[in-house]
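The file model-v3.cif comes next; it holds mmCIF, C-alpha atoms.
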data_query
#
loop_
_atom_site.group_PDB
_atom_site.id
_atom_site.type_symbol
_atom_site.label_atom_id
_atom_site.label_comp_id
_atom_site.auth_asym_id
_atom_site.auth_seq_id
_atom_site.Cartn_x
_atom_site.Cartn_y
_atom_site.Cartn_z
ATOM 1 C CA MET X 1 -3.292 9.176 -29.246
ATOM 2 C CA ARG X 2 -2.717 7.911 -32.755
ATOM 3 C CA ILE X 3 0.686 7.329 -34.295
ATOM 4 C CA PRO X 4 1.053 8.924 -37.738
ATOM 5 C CA LEU X 5 1.400 6.564 -40.668
ATOM 6 C CA HIS X 6 4.829 7.821 -41.733
ATOM 7 C CA PHE X 7 6.221 6.974 -38.250
ATOM 8 C CA LYS X 8 4.749 3.473 -38.505
ATOM 9 C CA LEU X 9 6.286 3.023 -41.954
ATOM 10 C CA ALA X 10 9.655 4.328 -40.811
ATOM 11 C CA ALA X 11 9.621 2.040 -37.756
ATOM 12 C CA SER X 12 8.700 -1.027 -39.822
ATOM 13 C CA TYR X 13 11.370 -0.148 -42.403
ATOM 14 C CA LEU X 14 14.019 0.214 -39.683
ATOM 15 C CA LEU X 15 12.948 -3.080 -38.125
ATOM 16 C CA VAL X 16 13.249 -4.946 -41.438
ATOM 17 C CA VAL X 17 16.605 -3.325 -42.214
ATOM 18 C CA GLY X 18 17.865 -4.182 -38.715
ATOM 19 C CA LEU X 19 16.710 -7.790 -39.013
ATOM 20 C CA VAL X 20 18.616 -8.109 -42.280
ATOM 21 C CA LEU X 21 21.752 -6.103 -41.492
ATOM 22 C CA VAL X 22 22.541 -7.430 -38.018
ATOM 23 C CA PRO X 23 22.845 -11.125 -39.009
ATOM 24 C CA THR X 24 24.679 -10.120 -42.185
ATOM 25 C CA ALA X 25 27.174 -8.040 -40.209
ATOM 26 C CA VAL X 26 27.740 -10.871 -37.731
ATOM 27 C CA TYR X 27 28.262 -13.361 -40.564
ATOM 28 C CA LEU X 28 30.682 -11.077 -42.409
ATOM 29 C CA GLN X 29 32.658 -10.337 -39.264
ATOM 30 C CA THR X 30 32.995 -14.050 -38.477
ATOM 31 C CA SER X 31 33.905 -14.878 -42.055
ATOM 32 C CA LEU X 32 36.524 -12.123 -42.279
ATOM 33 C CA ARG X 33 38.039 -13.145 -38.944
ATOM 34 C CA LYS X 34 38.363 -16.758 -40.136
ATOM 35 C CA GLY X 35 39.916 -15.575 -43.393
ATOM 36 C CA GLN X 36 42.456 -13.433 -41.575
ATOM 37 C CA ARG X 37 43.385 -16.272 -39.221
ATOM 38 C CA HIS X 38 43.861 -18.587 -42.175
ATOM 39 C CA ALA X 39 46.022 -16.049 -44.011
ATOM 40 C CA VAL X 40 48.201 -15.487 -40.941
ATOM 41 C CA ARG X 41 48.523 -19.236 -40.388
ATOM 42 C CA VAL X 42 49.596 -19.810 -44.000
ATOM 43 C CA GLU X 43 52.098 -16.952 -43.795
ATOM 44 C CA LEU X 44 53.596 -18.233 -40.548
ATOM 45 C CA GLN X 45 53.840 -21.776 -41.905
ATOM 46 C CA GLY X 46 55.741 -20.464 -44.913
ATOM 47 C CA GLU X 47 58.105 -18.515 -42.689
ATOM 48 C CA LEU X 48 58.587 -21.594 -40.526
ATOM 49 C CA ARG X 49 59.511 -23.673 -43.582
ATOM 50 C CA ASP X 50 62.037 -21.020 -44.636
ATOM 51 C CA LEU X 51 63.590 -20.829 -41.175
ATOM 52 C CA THR X 52 63.746 -24.602 -40.900
ATOM 53 C CA ALA X 53 65.466 -24.864 -44.282
ATOM 54 C CA ARG X 54 68.009 -22.204 -43.310
ATOM 55 C CA LEU X 55 68.782 -23.833 -39.988
ATOM 56 C CA ASP X 56 68.987 -27.315 -41.549
ATOM 57 C CA ALA X 57 71.493 -26.009 -44.107
ATOM 58 C CA ALA X 58 73.714 -24.461 -41.432
ATOM 59 C CA PRO X 59 76.815 -26.350 -40.340
ATOM 60 C CA ALA X 60 76.611 -27.644 -36.767
ATOM 61 C CA ASP X 61 79.340 -25.297 -35.509
ATOM 62 C CA GLN X 62 77.489 -22.202 -36.851
ATOM 63 C CA LEU X 63 74.029 -23.219 -35.671
ATOM 64 C CA GLY X 64 74.197 -21.364 -32.351
ATOM 65 C CA ALA X 65 75.346 -18.138 -33.990
ATOM 66 C CA ARG X 66 72.609 -18.311 -36.626
ATOM 67 C CA ILE X 67 69.965 -18.931 -33.983
ATOM 68 C CA ASP X 68 71.171 -15.911 -32.003
ATOM 69 C CA ILE X 69 71.003 -13.740 -35.127
ATOM 70 C CA LEU X 70 67.499 -14.973 -35.982
ATOM 71 C CA CYS X 71 66.223 -14.468 -32.428
ATOM 72 C CA GLY X 72 67.522 -10.904 -32.461
ATOM 73 C CA ALA X 73 66.088 -10.117 -35.885
ATOM 74 C CA LEU X 74 62.616 -11.637 -35.558
ATOM 75 C CA PRO X 75 59.823 -9.918 -33.641
ATOM 76 C CA LEU X 76 58.372 -13.353 -32.834
ATOM 77 C CA ARG X 77 59.169 -15.829 -30.110
ATOM 78 C CA MET X 78 61.109 -18.760 -31.489
ATOM 79 C CA THR X 79 61.840 -22.129 -29.905
ATOM 80 C CA VAL X 80 64.613 -24.193 -31.473
ATOM 81 C CA VAL X 81 65.001 -27.891 -30.721
ATOM 82 C CA ASP X 82 68.182 -29.590 -31.878
ATOM 83 C CA PRO X 83 68.048 -32.977 -33.650
ATOM 84 C CA GLY X 84 68.921 -34.685 -30.367
ATOM 85 C CA GLY X 85 65.825 -33.273 -28.711
ATOM 86 C CA GLY X 86 67.623 -30.735 -26.524
#
What does the file become when written as structure tokens?
Amino acid sequence: MRIPLHFKLAASYLLVVGLVLVPTAVYLQTSLRKGQRHAVRVELQGELRDLTARLDAAPADQLGARIDILCGALPLRMTVVDPGGG
């Protein structure tokens, strides 16, 4: 049984396309994932700087109340360490 030429051409075309597209898709996925992680990290670092500045500017007697407000308002887990390490 002989395989028609157009099936051979289609199979070779699909093989070449697959050999090009699969590594490209893997590379793009990895690159996009790294880019997203970097963007999230930069955003979180900026938010951390803002929160740190706000808490540093708070008087010592209002610090607990501000922390409670921030913990209730933020969807993230937050750990606060006082200057004494406690």
Q: Could you tell me which of X:Ala58, X:Ala53, X:Leu48, X:Ala25 comes closest to Met78 (chain X) if we count only C-alpha atoms?
A: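 Residue with the minimum atom-to-atom distance to Met78 (chain X): X:Leu48.
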Q) region 43-47 of chain X: which residues within 12 Å, counting only C-alpha atoms, same-chain residues fewer than 6 positions away excluded, as a PyMOL selection string? A) chain X and resi 36-37+53-54+74+76+78
Q.
I'd like the interatomic distance between CA of Pro83 (chain X) and CA of Ala60 (chain X), to a tenth of an Å.
A.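 A separation of 10.6 Å between them.
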Q) So how far away is CA of Val40 (chain X) from CA of Arg66 (chain X), in Å? A)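 Interatomic distance, CA of Arg66 (chain X) to CA of Val40 (chain X): 24.9 Å.
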Q. Quick one: distance from CA of Thr24 (chain X) to CA of Ala39 (chain X) in Å, one decimal?
A.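 It comes out at 22.2 Å.
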Report the centre and edge lengths, in Å to one decimal, of an axis-aligned box enclosing every atom of region 35-43 of chain X listed in the file, padded by 4 Å on each side, as AutoDock Vina command-line options.
--center_x 46.0 --center_y -16.6 --center_z -41.6 --size_x 20.2 --size_y 14.4 --size_z 12.8
Q: Might you spell out which residues the PyMOL selection byres ((chain X and resi 79) around 12) would select in the displayed file, as a VMD selection string?
A: chain X and resid 48 51 to 52 67 to 68 70 to 71 74 76 to 78 80 to 82 85 to 86
